[in-house]
>>> print(open('data_21.txt').read())   # compact mmCIF, C-alpha atoms and all ligand atoms
# COMPACT_ATOMS: atom_id res chain seq x y z
CA MET A 1 0.00 0.00 0.00
CA PHE A 2 1.46 3.30 -1.14
CA ASP A 3 1.15 6.81 0.25
CA THR A 4 -0.07 5.51 3.59
CA LYS A 5 -0.69 7.64 6.66
CA PRO A 6 -1.19 6.49 10.26
CA TYR A 7 -4.98 6.69 9.91
CA ASP A 8 -4.92 4.40 6.84
CA ARG A 9 -2.89 1.79 8.72
CA GLU A 10 -5.18 1.92 11.72
CA PHE A 11 -8.31 1.16 9.73
CA PHE A 12 -6.71 -1.40 7.38
CA ASP A 13 -5.02 -3.27 10.25
CA GLU A 14 -8.29 -3.46 12.14
CA THR A 15 -10.27 -4.71 9.13
CA ASN A 16 -7.58 -7.03 7.80
CA GLY A 17 -6.95 -8.74 11.14
CA GLY A 18 -3.73 -10.30 9.78
CA ARG A 19 -5.45 -12.05 6.85
CA TYR A 20 -3.31 -10.45 4.13
CA ALA A 21 0.35 -9.54 4.54
CA ILE A 22 0.03 -5.82 3.91
CA LYS A 23 3.24 -3.83 3.55
CA TYR A 24 2.69 -0.12 4.12
CA PHE A 25 4.89 2.34 2.25
CA ASP A 26 4.92 6.02 3.22
CA SER A 27 6.13 7.01 -0.21
CA MET A 28 3.81 7.73 -3.09
CA LEU A 29 3.70 5.37 -6.02
CA THR A 30 5.87 6.78 -8.80
CA ARG A 31 7.95 5.41 -11.62
CA GLU A 32 10.85 5.21 -9.18
CA THR A 33 9.05 3.69 -6.17
CA ALA A 34 7.22 1.11 -8.31
CA THR A 35 10.16 -1.24 -7.73
CA LEU A 36 9.11 -1.49 -4.06
CA SER A 37 6.27 -3.70 -5.26
CA ARG A 38 8.62 -6.56 -6.10
CA GLY A 39 7.03 -9.86 -5.09
CA PHE A 40 3.57 -8.38 -4.39
CA GLU A 41 0.56 -9.46 -6.44
CA VAL A 42 -1.60 -6.53 -5.43
CA VAL A 43 -0.85 -2.84 -5.12
CA ILE A 44 -3.14 -0.46 -3.22
CA PRO A 45 -2.62 3.13 -4.39
CA PHE A 46 -4.40 6.37 -3.44
CA VAL A 47 -5.72 9.38 -5.38
CA ASN A 48 -2.48 11.14 -6.25
CA ASP A 49 -0.31 8.10 -6.92
CA ASP A 50 1.17 7.97 -10.40
CA LEU A 51 -0.33 5.14 -12.45
CA SER A 52 1.00 6.25 -15.81
CA LYS A 53 2.05 3.77 -18.48
CA GLU A 54 5.67 3.84 -17.28
CA THR A 55 4.71 3.05 -13.68
CA LEU A 56 2.32 0.32 -14.78
CA GLU A 57 5.04 -1.30 -16.90
CA LYS A 58 7.32 -1.40 -13.87
CA LEU A 59 4.55 -2.84 -11.68
CA LYS A 60 3.95 -5.53 -14.29
CA ASP A 61 7.68 -6.37 -14.35
CA GLU A 62 7.58 -6.76 -10.54
CA GLY A 63 4.69 -9.25 -10.77
CA VAL A 64 1.68 -7.07 -9.90
CA ARG A 65 -1.64 -8.38 -11.28
CA LEU A 66 -4.19 -6.24 -9.49
CA ILE A 67 -4.38 -2.55 -8.70
CA ALA A 68 -6.90 -2.08 -5.90
CA LEU A 69 -7.45 1.68 -5.71
CA ARG A 70 -8.52 2.76 -2.25
CA CYS A 71 -10.45 5.68 -3.70
CA ALA A 72 -13.32 6.35 -6.10
CA GLY A 73 -11.67 8.52 -8.77
CA PHE A 74 -9.40 6.81 -11.30
CA ASN A 75 -8.37 9.75 -13.47
CA ASN A 76 -4.74 9.08 -12.44
CA VAL A 77 -4.69 5.61 -14.09
CA ASP A 78 -3.74 4.96 -17.71
CA LEU A 79 -6.50 2.41 -18.23
CA LYS A 80 -5.51 1.55 -21.78
CA ALA A 81 -1.97 0.71 -20.69
CA ALA A 82 -3.26 -1.35 -17.74
CA ARG A 83 -5.52 -3.35 -20.06
CA GLU A 84 -2.72 -3.99 -22.51
CA LEU A 85 -0.40 -5.07 -19.69
CA GLY A 86 -2.98 -7.50 -18.29
CA ILE A 87 -3.39 -5.61 -15.01
CA THR A 88 -6.90 -5.42 -13.56
CA VAL A 89 -7.91 -2.17 -11.85
CA VAL A 90 -10.63 -2.07 -9.17
CA ARG A 91 -11.78 0.79 -6.97
CA VAL A 92 -14.04 1.72 -4.07
CA PRO A 93 -16.87 3.49 -5.88
CA ALA A 94 -18.46 5.01 -2.77
CA TYR A 95 -17.15 5.14 0.75
CA SER A 96 -19.20 7.93 2.20
CA PRO A 97 -20.86 10.40 -0.13
CA HIS A 98 -22.17 12.07 3.02
CA ALA A 99 -18.62 12.80 4.22
CA VAL A 100 -17.79 14.76 1.06
CA ALA A 101 -21.14 16.55 0.78
CA GLU A 102 -21.04 17.54 4.45
CA ALA A 103 -17.47 18.81 4.04
CA ALA A 104 -18.51 20.88 1.02
CA PHE A 105 -21.18 22.52 3.16
CA ALA A 106 -18.79 22.98 6.07
CA MET A 107 -16.47 24.84 3.69
CA LEU A 108 -19.29 26.93 2.26
CA LEU A 109 -20.51 27.94 5.73
CA THR A 110 -16.99 28.69 6.93
CA LEU A 111 -16.31 30.91 3.94
CA ASP A 112 -19.70 32.61 3.95
CA ARG A 113 -19.69 33.39 7.70
CA LYS A 114 -15.93 34.06 7.69
CA LEU A 115 -15.37 31.62 10.53
CA GLN A 116 -11.72 31.15 9.58
CA HIS A 117 -11.17 34.84 10.36
CA ALA A 118 -13.43 34.88 13.43
CA TYR A 119 -11.54 31.92 14.91
CA VAL A 120 -8.18 33.63 14.55
CA ARG A 121 -9.54 36.90 15.95
CA THR A 122 -11.07 35.46 19.10
CA ARG A 123 -7.88 33.52 19.83
CA GLU A 124 -6.24 36.93 20.07
CA PHE A 125 -9.14 38.30 22.17
CA ASN A 126 -10.21 40.44 19.23
CA PHE A 127 -13.98 40.45 19.32
CA SER A 128 -14.51 43.09 16.64
CA LEU A 129 -17.08 42.08 14.04
CA ASN A 130 -15.90 44.47 11.33
CA GLY A 131 -15.40 42.65 8.05
CA LEU A 132 -17.26 39.51 9.18
CA VAL A 133 -20.57 40.20 7.43
CA GLY A 134 -21.83 37.06 5.66
CA PHE A 135 -25.03 36.18 3.79
CA ASP A 136 -28.01 33.90 4.44
CA LEU A 137 -27.97 30.63 2.51
CA TYR A 138 -31.76 30.54 2.77
CA GLY A 139 -33.28 31.60 -0.53
CA LYS A 140 -29.98 31.59 -2.43
CA THR A 141 -29.56 29.64 -5.67
CA VAL A 142 -27.00 26.84 -5.64
CA GLY A 143 -25.83 25.11 -8.82
CA VAL A 144 -24.68 21.52 -8.48
CA ILE A 145 -22.54 20.13 -11.30
CA GLY A 146 -22.73 16.33 -11.19
CA SER A 147 -25.79 14.83 -9.48
CA GLY A 148 -24.30 11.43 -8.63
CA LYS A 149 -23.92 10.00 -5.13
CA ILE A 150 -22.16 13.02 -3.59
CA GLY A 151 -24.11 15.59 -5.61
CA ARG A 152 -27.40 14.05 -4.40
CA CYS A 153 -26.31 14.25 -0.75
CA PHE A 154 -25.26 17.86 -1.31
CA ILE A 155 -28.65 18.63 -2.90
CA ASP A 156 -30.47 17.15 0.12
CA ILE A 157 -28.47 19.34 2.50
CA ALA A 158 -29.04 22.43 0.34
CA LYS A 159 -32.79 21.83 0.43
CA GLY A 160 -32.59 21.68 4.22
CA PHE A 161 -31.19 25.21 4.15
CA GLY A 162 -34.12 26.37 2.02
CA MET A 163 -32.00 26.99 -1.08
CA ARG A 164 -33.16 26.92 -4.68
CA VAL A 165 -31.29 24.06 -6.34
CA LEU A 166 -30.14 23.92 -9.98
CA ALA A 167 -28.28 20.90 -11.30
CA TYR A 168 -26.40 19.83 -14.39
CA ASP A 169 -25.53 16.24 -15.29
CA PRO A 170 -25.32 14.53 -18.70
CA PHE A 171 -27.64 11.93 -17.15
CA PRO A 172 -30.22 14.09 -15.34
CA GLN A 173 -32.64 12.32 -13.03
CA GLU A 174 -36.02 13.24 -11.69
CA ILE A 175 -35.23 14.87 -8.34
CA GLU A 176 -37.92 16.71 -6.42
CA ASN A 177 -37.49 20.51 -6.33
CA VAL A 178 -34.43 20.53 -8.57
CA GLU A 179 -34.27 22.57 -11.79
CA TRP A 180 -32.15 21.66 -14.81
CA PRO A 181 -31.47 24.90 -16.70
CA GLY A 182 -28.52 23.52 -18.73
CA LEU A 183 -24.87 24.20 -17.90
CA ASP A 184 -24.83 27.80 -19.13
CA GLY A 185 -28.10 28.51 -17.33
CA LEU A 186 -26.61 27.09 -14.14
CA PHE A 187 -23.53 29.30 -14.51
CA GLN A 188 -25.71 32.37 -15.11
CA GLU A 189 -28.21 31.88 -12.29
CA SER A 190 -26.23 30.42 -9.39
CA ASP A 191 -25.06 32.35 -6.33
CA ILE A 192 -23.03 29.31 -5.32
CA ILE A 193 -21.63 26.57 -7.57
CA SER A 194 -20.49 23.22 -6.18
CA LEU A 195 -18.60 20.67 -8.29
CA HIS A 196 -19.45 16.99 -7.86
CA CYS A 197 -18.58 15.50 -11.25
CA PRO A 198 -15.59 13.28 -12.03
CA LEU A 199 -12.54 14.60 -13.89
CA THR A 200 -12.85 13.53 -17.52
CA ARG A 201 -11.91 14.98 -20.88
CA ASP A 202 -15.30 16.76 -20.89
CA THR A 203 -15.02 18.22 -17.41
CA LEU A 204 -11.36 19.28 -17.48
CA HIS A 205 -11.36 23.04 -16.75
CA ILE A 206 -15.16 23.18 -16.72
CA ILE A 207 -14.55 26.31 -14.66
CA ASP A 208 -12.40 28.57 -16.81
CA ARG A 209 -12.33 32.14 -18.11
CA ASP A 210 -15.31 31.49 -20.42
CA SER A 211 -17.59 29.89 -17.84
CA ILE A 212 -16.55 32.45 -15.20
CA ALA A 213 -17.59 35.22 -17.63
CA LEU A 214 -21.14 33.80 -17.54
CA MET A 215 -21.37 33.75 -13.74
CA LYS A 216 -23.06 36.23 -11.42
CA ARG A 217 -20.79 38.80 -9.87
CA GLY A 218 -19.84 37.57 -6.39
CA VAL A 219 -20.46 33.86 -7.09
CA VAL A 220 -18.95 31.40 -4.61
CA ILE A 221 -17.30 28.27 -6.04
CA ILE A 222 -16.82 25.07 -4.07
CA ASN A 223 -14.63 22.27 -5.35
CA THR A 224 -14.43 19.05 -3.37
CA SER A 225 -14.17 16.93 -6.51
CA ARG A 226 -10.95 17.18 -8.54
CA GLY A 227 -8.56 20.12 -8.85
CA ALA A 228 -8.32 20.14 -12.64
CA LEU A 229 -12.04 20.83 -12.98
CA ILE A 230 -10.93 24.42 -12.41
CA ARG A 231 -8.32 26.28 -14.44
CA SER A 232 -6.49 27.75 -11.46
CA ASP A 233 -5.06 30.86 -13.08
CA ASP A 234 -8.52 31.77 -14.43
CA LEU A 235 -9.95 31.28 -10.94
CA LEU A 236 -7.29 33.59 -9.53
CA GLU A 237 -8.09 36.23 -12.18
CA GLY A 238 -11.80 35.90 -11.39
CA LEU A 239 -11.11 36.42 -7.69
CA LYS A 240 -8.86 39.40 -8.31
CA SER A 241 -11.45 41.06 -10.57
CA LYS A 242 -14.07 40.39 -7.83
CA ARG A 243 -16.34 38.55 -10.29
CA ILE A 244 -15.82 35.55 -8.02
CA GLY A 245 -16.76 36.37 -4.43
CA GLY A 246 -15.13 33.36 -2.82
CA ALA A 247 -13.71 29.91 -3.41
CA ALA A 248 -13.60 26.86 -1.17
CA LEU A 249 -11.12 24.34 -2.51
CA ASP A 250 -10.48 20.90 -1.07
CA VAL A 251 -8.65 19.89 -4.23
CA TYR A 252 -6.19 21.71 -6.45
CA GLU A 253 -4.96 21.18 -9.99
CA GLU A 254 -1.35 20.55 -8.99
CA GLU A 255 -2.09 19.11 -5.56
CA SER A 256 0.01 15.99 -5.98
CA GLU A 257 3.12 18.16 -5.58
CA VAL A 258 2.19 19.40 -2.09
CA PHE A 259 -0.94 17.84 -0.59
CA PHE A 260 -0.83 15.15 2.12
CA SER A 261 2.54 16.33 3.42
CA ASP A 262 3.82 18.95 5.83
CA ASN A 263 5.48 21.75 3.85
CA SER A 264 5.43 24.22 6.74
CA GLU A 265 9.21 24.47 7.00
CA LEU A 266 10.02 24.63 3.29
CA GLY A 267 7.01 26.55 1.98
CA ILE A 268 5.67 25.80 -1.49
CA ASP A 269 6.91 26.66 -4.98
CA ASP A 270 3.46 26.88 -6.55
CA ASP A 271 2.82 30.64 -6.80
CA ILE A 272 -0.80 30.28 -7.83
CA LEU A 273 -1.64 28.07 -4.85
CA ALA A 274 0.31 30.36 -2.51
CA ARG A 275 -1.59 33.38 -3.84
CA LEU A 276 -4.95 31.61 -3.51
CA ILE A 277 -4.15 30.63 0.08
CA SER A 278 -3.21 34.23 0.85
CA MET A 279 -6.63 35.57 -0.19
CA PRO A 280 -9.13 36.32 2.58
CA ASN A 281 -12.07 34.95 0.57
CA VAL A 282 -10.42 31.62 -0.33
CA LEU A 283 -10.45 28.55 1.88
CA VAL A 284 -8.09 25.71 0.98
CA THR A 285 -8.06 22.31 2.64
CA GLY A 286 -5.79 19.45 1.65
CA HIS A 287 -8.16 16.88 0.08
CA GLN A 288 -9.75 15.99 3.39
CA ALA A 289 -13.43 16.06 2.40
CA TYR A 290 -13.60 12.25 2.60
CA LEU A 291 -11.76 12.00 5.92
CA THR A 292 -14.28 10.63 8.39
CA ARG A 293 -14.11 7.46 10.48
CA GLU A 294 -17.02 6.03 8.51
CA ALA A 295 -15.32 6.64 5.17
CA LEU A 296 -11.97 5.20 6.30
CA LYS A 297 -13.69 2.07 7.59
CA ASN A 298 -15.64 1.65 4.34
CA ILE A 299 -12.48 2.16 2.28
CA ALA A 300 -10.64 -0.57 4.21
CA ASP A 301 -13.64 -2.96 4.13
CA ASP A 302 -14.34 -2.54 0.42
CA THR A 303 -10.71 -2.57 -0.72
CA LEU A 304 -10.15 -5.91 1.04
CA LYS A 305 -13.46 -7.27 -0.31
CA ASN A 306 -12.37 -6.21 -3.81
CA ILE A 307 -9.14 -8.17 -3.36
CA ASP A 308 -11.05 -11.23 -2.02
CA ALA A 309 -13.37 -11.13 -5.04
CA TYR A 310 -10.49 -10.86 -7.48
CA LEU A 311 -8.68 -13.80 -5.90
CA ASP A 312 -11.94 -15.81 -6.02
CA GLY A 313 -12.00 -15.20 -9.77
CA LYS A 314 -15.07 -12.92 -9.55
CA PRO A 315 -13.63 -9.41 -9.67
CA GLN A 316 -15.96 -6.62 -8.54
CA ASN A 317 -15.90 -2.83 -8.78
CA VAL A 318 -13.77 -3.24 -11.86
CA VAL A 319 -12.67 -0.10 -13.67
CA ASN A 320 -10.66 -1.98 -16.19
CA GLN A 321 -10.68 -5.69 -16.90
CA ALA A 322 -7.31 -7.07 -17.95
CA SER A 323 -7.46 -8.48 -21.47
P1 LIG A 401 -20.75 9.45 -9.05
O1 LIG A 401 -20.18 8.63 -10.16
O2 LIG A 401 -21.80 8.87 -8.17
O3 LIG A 401 -21.36 10.81 -9.65
C1 LIG A 401 -20.72 11.58 -10.60
C2 LIG A 401 -21.80 12.27 -11.43
O4 LIG A 401 -21.14 13.17 -12.33
C3 LIG A 401 -22.62 11.29 -12.27
O5 LIG A 401 -24.00 11.50 -12.07
C4 LIG A 401 -22.20 11.61 -13.69
O6 LIG A 401 -23.23 11.43 -14.65
C5 LIG A 401 -21.84 13.09 -13.54
N1 LIG A 401 -21.04 13.60 -14.65
C6 LIG A 401 -20.25 12.92 -15.53
N2 LIG A 401 -19.78 13.76 -16.47
C7 LIG A 401 -20.29 14.98 -16.17
C8 LIG A 401 -20.19 16.25 -16.80
N3 LIG A 401 -19.50 16.41 -17.94
N4 LIG A 401 -20.83 17.29 -16.23
C9 LIG A 401 -21.58 17.13 -15.12
N5 LIG A 401 -21.72 15.94 -14.50
C10 LIG A 401 -21.09 14.89 -15.01
O7 LIG A 401 -19.50 9.95 -8.20
P2 LIG A 401 -19.49 10.52 -6.71
O8 LIG A 401 -19.28 9.40 -5.77
O9 LIG A 401 -20.65 11.42 -6.51
O10 LIG A 401 -18.12 11.37 -6.72
C11 LIG A 401 -17.99 12.54 -7.51
C12 LIG A 401 -16.53 12.96 -7.52
O11 LIG A 401 -16.15 13.39 -6.21
C13 LIG A 401 -15.54 11.84 -7.83
O12 LIG A 401 -15.38 11.68 -9.23
C14 LIG A 401 -14.27 12.33 -7.20
O13 LIG A 401 -13.54 13.07 -8.15
C15 LIG A 401 -14.74 13.27 -6.11
N6 LIG A 401 -14.41 12.80 -4.75
C16 LIG A 401 -13.69 13.64 -3.92
C17 LIG A 401 -13.36 13.25 -2.64
C18 LIG A 401 -12.63 14.17 -1.68
O14 LIG A 401 -12.18 13.72 -0.61
N7 LIG A 401 -12.46 15.45 -1.96
C19 LIG A 401 -13.72 11.91 -2.15
C20 LIG A 401 -14.52 11.12 -3.07
C21 LIG A 401 -14.82 11.56 -4.34
>>> encode(input="data_21.txt", output="structure tokens")
Amino acid sequence: MFDTKPYDREFFDETNGGRYAIKYFDSMLTRETATLSRGFEVVIPFVNDDLSKETLEKLKDEGVRLIALRCAGFNNVDLKAARELGITVVRVPAYSPHAVAEAAFAMLLTLDRKLQHAYVRTREFNFSLNGLVGFDLYGKTVGVIGSGKIGRCFIDIAKGFGMRVLAYDPFPQEIENVEWPGLDGLFQESDIISLHCPLTRDTLHIIDRDSIALMKRGVVIINTSRGALIRSDDLLEGLKSKRIGGAALDVYEEESEVFFSDNSELGIDDDILARLISMPNVLVTGHQAYLTREALKNIADDTLKNIDAYLDGKPQNVVNQAS
């Protein structure tokens, strides 16, 4: 298992109970670290591990037959190469859609009510309220891009706040009190936009200069899905020009360079990320929307069940069947 943290080990050890011999590596899976998999049949990577053709070729050389992703998204896997190399790829399609949807709302509320600033102020006994004016969510229009498992949970929460809900999905479903004005309509009418679609060729940079130009002045954008759904420099321009009123980002286009590790002593080289973090109306978290006890338990349970099923000759949650 690559890119493992103490909390991953805790939940996998508990679920595994010694059944499989799991070797935990701190390092991420890369072309270079792929050689660590020598002698293992199964590799368990995470969201930002590199599963490019070159890495997959090395894994194949080391004897790996199954890649059991311990995440839902698989945009980091070269599926064609995996198929050609005879490596099966499975994933955990849902571990807690509630965790991500609730985190998206937590970020929205924090940003809207400026809690990140209030927290710092009161720690310094500064009880001034100047600059902390927020807005009611009640009655606002929220646009949800991607109405799958997480998007649906997000929609339910939004309805609880009394918001008007717009949605866009290439496969729209009948959902009570949800309007489907088309993607441009959603951009034009939403006070808040939350991204819950996967990263694909169609959704890459779905938020860019052109879509931002359609949005209401002061729109708030929430991204708990994948960083590259947003063209970061266009987001920064939108924030600087005040067309975008705020952004809550749990994911970032180039996050694999910095996320999941402590860079507090060295700082970061990414000027766009550093600038975004410096803005008072931007909230950045390090891909933690999924991080609840329930989700970690489900990830461990389902990853091990996926491995069981593969070894029984009945692979499940397959992204890519080896040819
Ligand atoms: P899902 O597969 O249930 O739903 C995705 C929805 O997006 C589907 O309804 C699909 O039709 C729709 N979609 C596909 N192409 C689209 C497009 N071009 N425009 C709009 N919608 C489109 O997936 P789920 O479980 O809801 O997860 C959504 C995403 O959330 C994942 O792909 C992943 O990137 C992200 N995620 C982030 C986590 C975090 O910790 N920040 C944790 C788990 C998932």
>>> closest_atom_pairs(input="data_21.txt", of="chain A", to="ligand LIG 401 (chain A)", cutoff="6 Å", atoms="all atoms listed in the file", output="JSON lines")
{"residue": "A:Ala72", "atom": "CA", "partner": "A:LIG401", "partner_atom": "C21", "distance": 5.7}
{"residue": "A:Gly73", "atom": "CA", "partner": "A:LIG401", "partner_atom": "C14", "distance": 4.9}
{"residue": "A:Ala94", "atom": "CA", "partner": "A:LIG401", "partner_atom": "O8", "distance": 5.4}
{"residue": "A:Pro97", "atom": "CA", "partner": "A:LIG401", "partner_atom": "O8", "distance": 5.9}
{"residue": "A:Val100", "atom": "CA", "partner": "A:LIG401", "partner_atom": "C18", "distance": 5.9}
{"residue": "A:Ile145", "atom": "CA", "partner": "A:LIG401", "partner_atom": "C9", "distance": 5.0}
{"residue": "A:Gly146", "atom": "CA", "partner": "A:LIG401", "partner_atom": "N5", "distance": 3.5}
{"residue": "A:Ser147", "atom": "CA", "partner": "A:LIG401", "partner_atom": "O5", "distance": 4.6}
{"residue": "A:Gly148", "atom": "CA", "partner": "A:LIG401", "partner_atom": "O3", "distance": 3.2}
{"residue": "A:Lys149", "atom": "CA", "partner": "A:LIG401", "partner_atom": "O9", "distance": 3.8}
{"residue": "A:Ile150", "atom": "CA", "partner": "A:LIG401", "partner_atom": "O9", "distance": 3.7}
{"residue": "A:Gly151", "atom": "CA", "partner": "A:LIG401", "partner_atom": "O9", "distance": 5.5}
{"residue": "A:Tyr168", "atom": "CA", "partner": "A:LIG401", "partner_atom": "C9", "distance": 5.6}
{"residue": "A:Asp169", "atom": "CA", "partner": "A:LIG401", "partner_atom": "N5", "distance": 3.9}
{"residue": "A:Pro170", "atom": "CA", "partner": "A:LIG401", "partner_atom": "O6", "distance": 5.5}
{"residue": "A:Phe171", "atom": "CA", "partner": "A:LIG401", "partner_atom": "O6", "distance": 5.1}
{"residue": "A:His196", "atom": "CA", "partner": "A:LIG401", "partner_atom": "C11", "distance": 4.7}
{"residue": "A:Cys197", "atom": "CA", "partner": "A:LIG401", "partner_atom": "O4", "distance": 3.6}
{"residue": "A:Pro198", "atom": "CA", "partner": "A:LIG401", "partner_atom": "O12", "distance": 3.2}
{"residue": "A:Asp202", "atom": "CA", "partner": "A:LIG401", "partner_atom": "N3", "distance": 5.1}
{"residue": "A:Thr203", "atom": "CA", "partner": "A:LIG401", "partner_atom": "N3", "distance": 4.9}
{"residue": "A:Thr224", "atom": "CA", "partner": "A:LIG401", "partner_atom": "N7", "distance": 4.3}
{"residue": "A:Ser225", "atom": "CA", "partner": "A:LIG401", "partner_atom": "C15", "distance": 3.7}
{"residue": "A:Arg226", "atom": "CA", "partner": "A:LIG401", "partner_atom": "O13", "distance": 4.9}
{"residue": "A:Asp250", "atom": "CA", "partner": "A:LIG401", "partner_atom": "N7", "distance": 5.9}
{"residue": "A:His287", "atom": "CA", "partner": "A:LIG401", "partner_atom": "N7", "distance": 5.0}
{"residue": "A:Gln288", "atom": "CA", "partner": "A:LIG401", "partner_atom": "O14", "distance": 5.2}
{"residue": "A:Ala289", "atom": "CA", "partner": "A:LIG401", "partner_atom": "O14", "distance": 4.0}
{"residue": "A:Tyr290", "atom": "CA", "partner": "A:LIG401", "partner_atom": "O14", "distance": 3.8}
>>> closest_atom_pairs(input="data_21.txt", of="segment 193-294 of chain A", to="segment 136-140 of chain A", cutoff="12 Å", atoms="all atoms listed in the file", output="Markdown table")
| residue | atom | partner | partner_atom | distance |
| --- | --- | --- | --- | --- |
| A:Ile193 | CA | A:Lys140 | CA | 11.0 |
| A:Val219 | CA | A:Lys140 | CA | 10.8 |
| A:Val220 | CA | A:Lys140 | CA | 11.2 |
>>> closest_residue(input="data_21.txt", among="A:Asp234, A:Glu10, A:Asp210, A:Glu257", to="Leu276 of chain A", atoms="only C-alpha atoms")
A:Asp234
>>> atom_distance(input="data_21.txt", atom1="atom CA of Ala101 of chain A", atom2="atom CA of Phe25 of chain A")
29.7 Å
>>> closest_residue(input="data_21.txt", among="A:Leu199, A:Ile244, A:Ile212, A:Val42", to="Leu186 of chain A", atoms="only C-alpha atoms")
A:Ile212
>>> residues_around(input="data_21.txt", residues="Asp112 of chain A", least_positions_apart="4", cutoff="8 Å", atoms="all atoms listed in the file", output="list of chain:residue names")
A:Leu108, A:Gly134, A:Phe135
>>> atom_distance(input="data_21.txt", atom1="atom CA of Glu176 of chain A", atom2="atom CA of Leu111 of chain A")
27.9 Å
>>> atom_distance(input="data_21.txt", atom1="atom CA of Ile206 of chain A", atom2="atom CA of Ala228 of chain A")
8.5 Å
>>> residues_around(input="data_21.txt", residues="Ala213 of chain A", least_positions_apart="3", cutoff="12 Å", atoms="only C-alpha atoms", output="list in words")
Asp184, Phe187, Gln188, Ile207, Asp208, Arg209, Asp210, Lys216, Arg217, Gly218, Val219, Asp234, Leu235, Glu237, Gly238, Leu239, Ser241, Lys242, Arg243 and Ile244 of chain A
>>> residues_around(input="data_21.txt", residues="Leu36 of chain A", least_positions_apart="3", cutoff="10 Å", atoms="all atoms listed in the file", output="PyMOL selection string")
chain A and resi 2+23+25+27+29+32-33+39-40+58-59+62
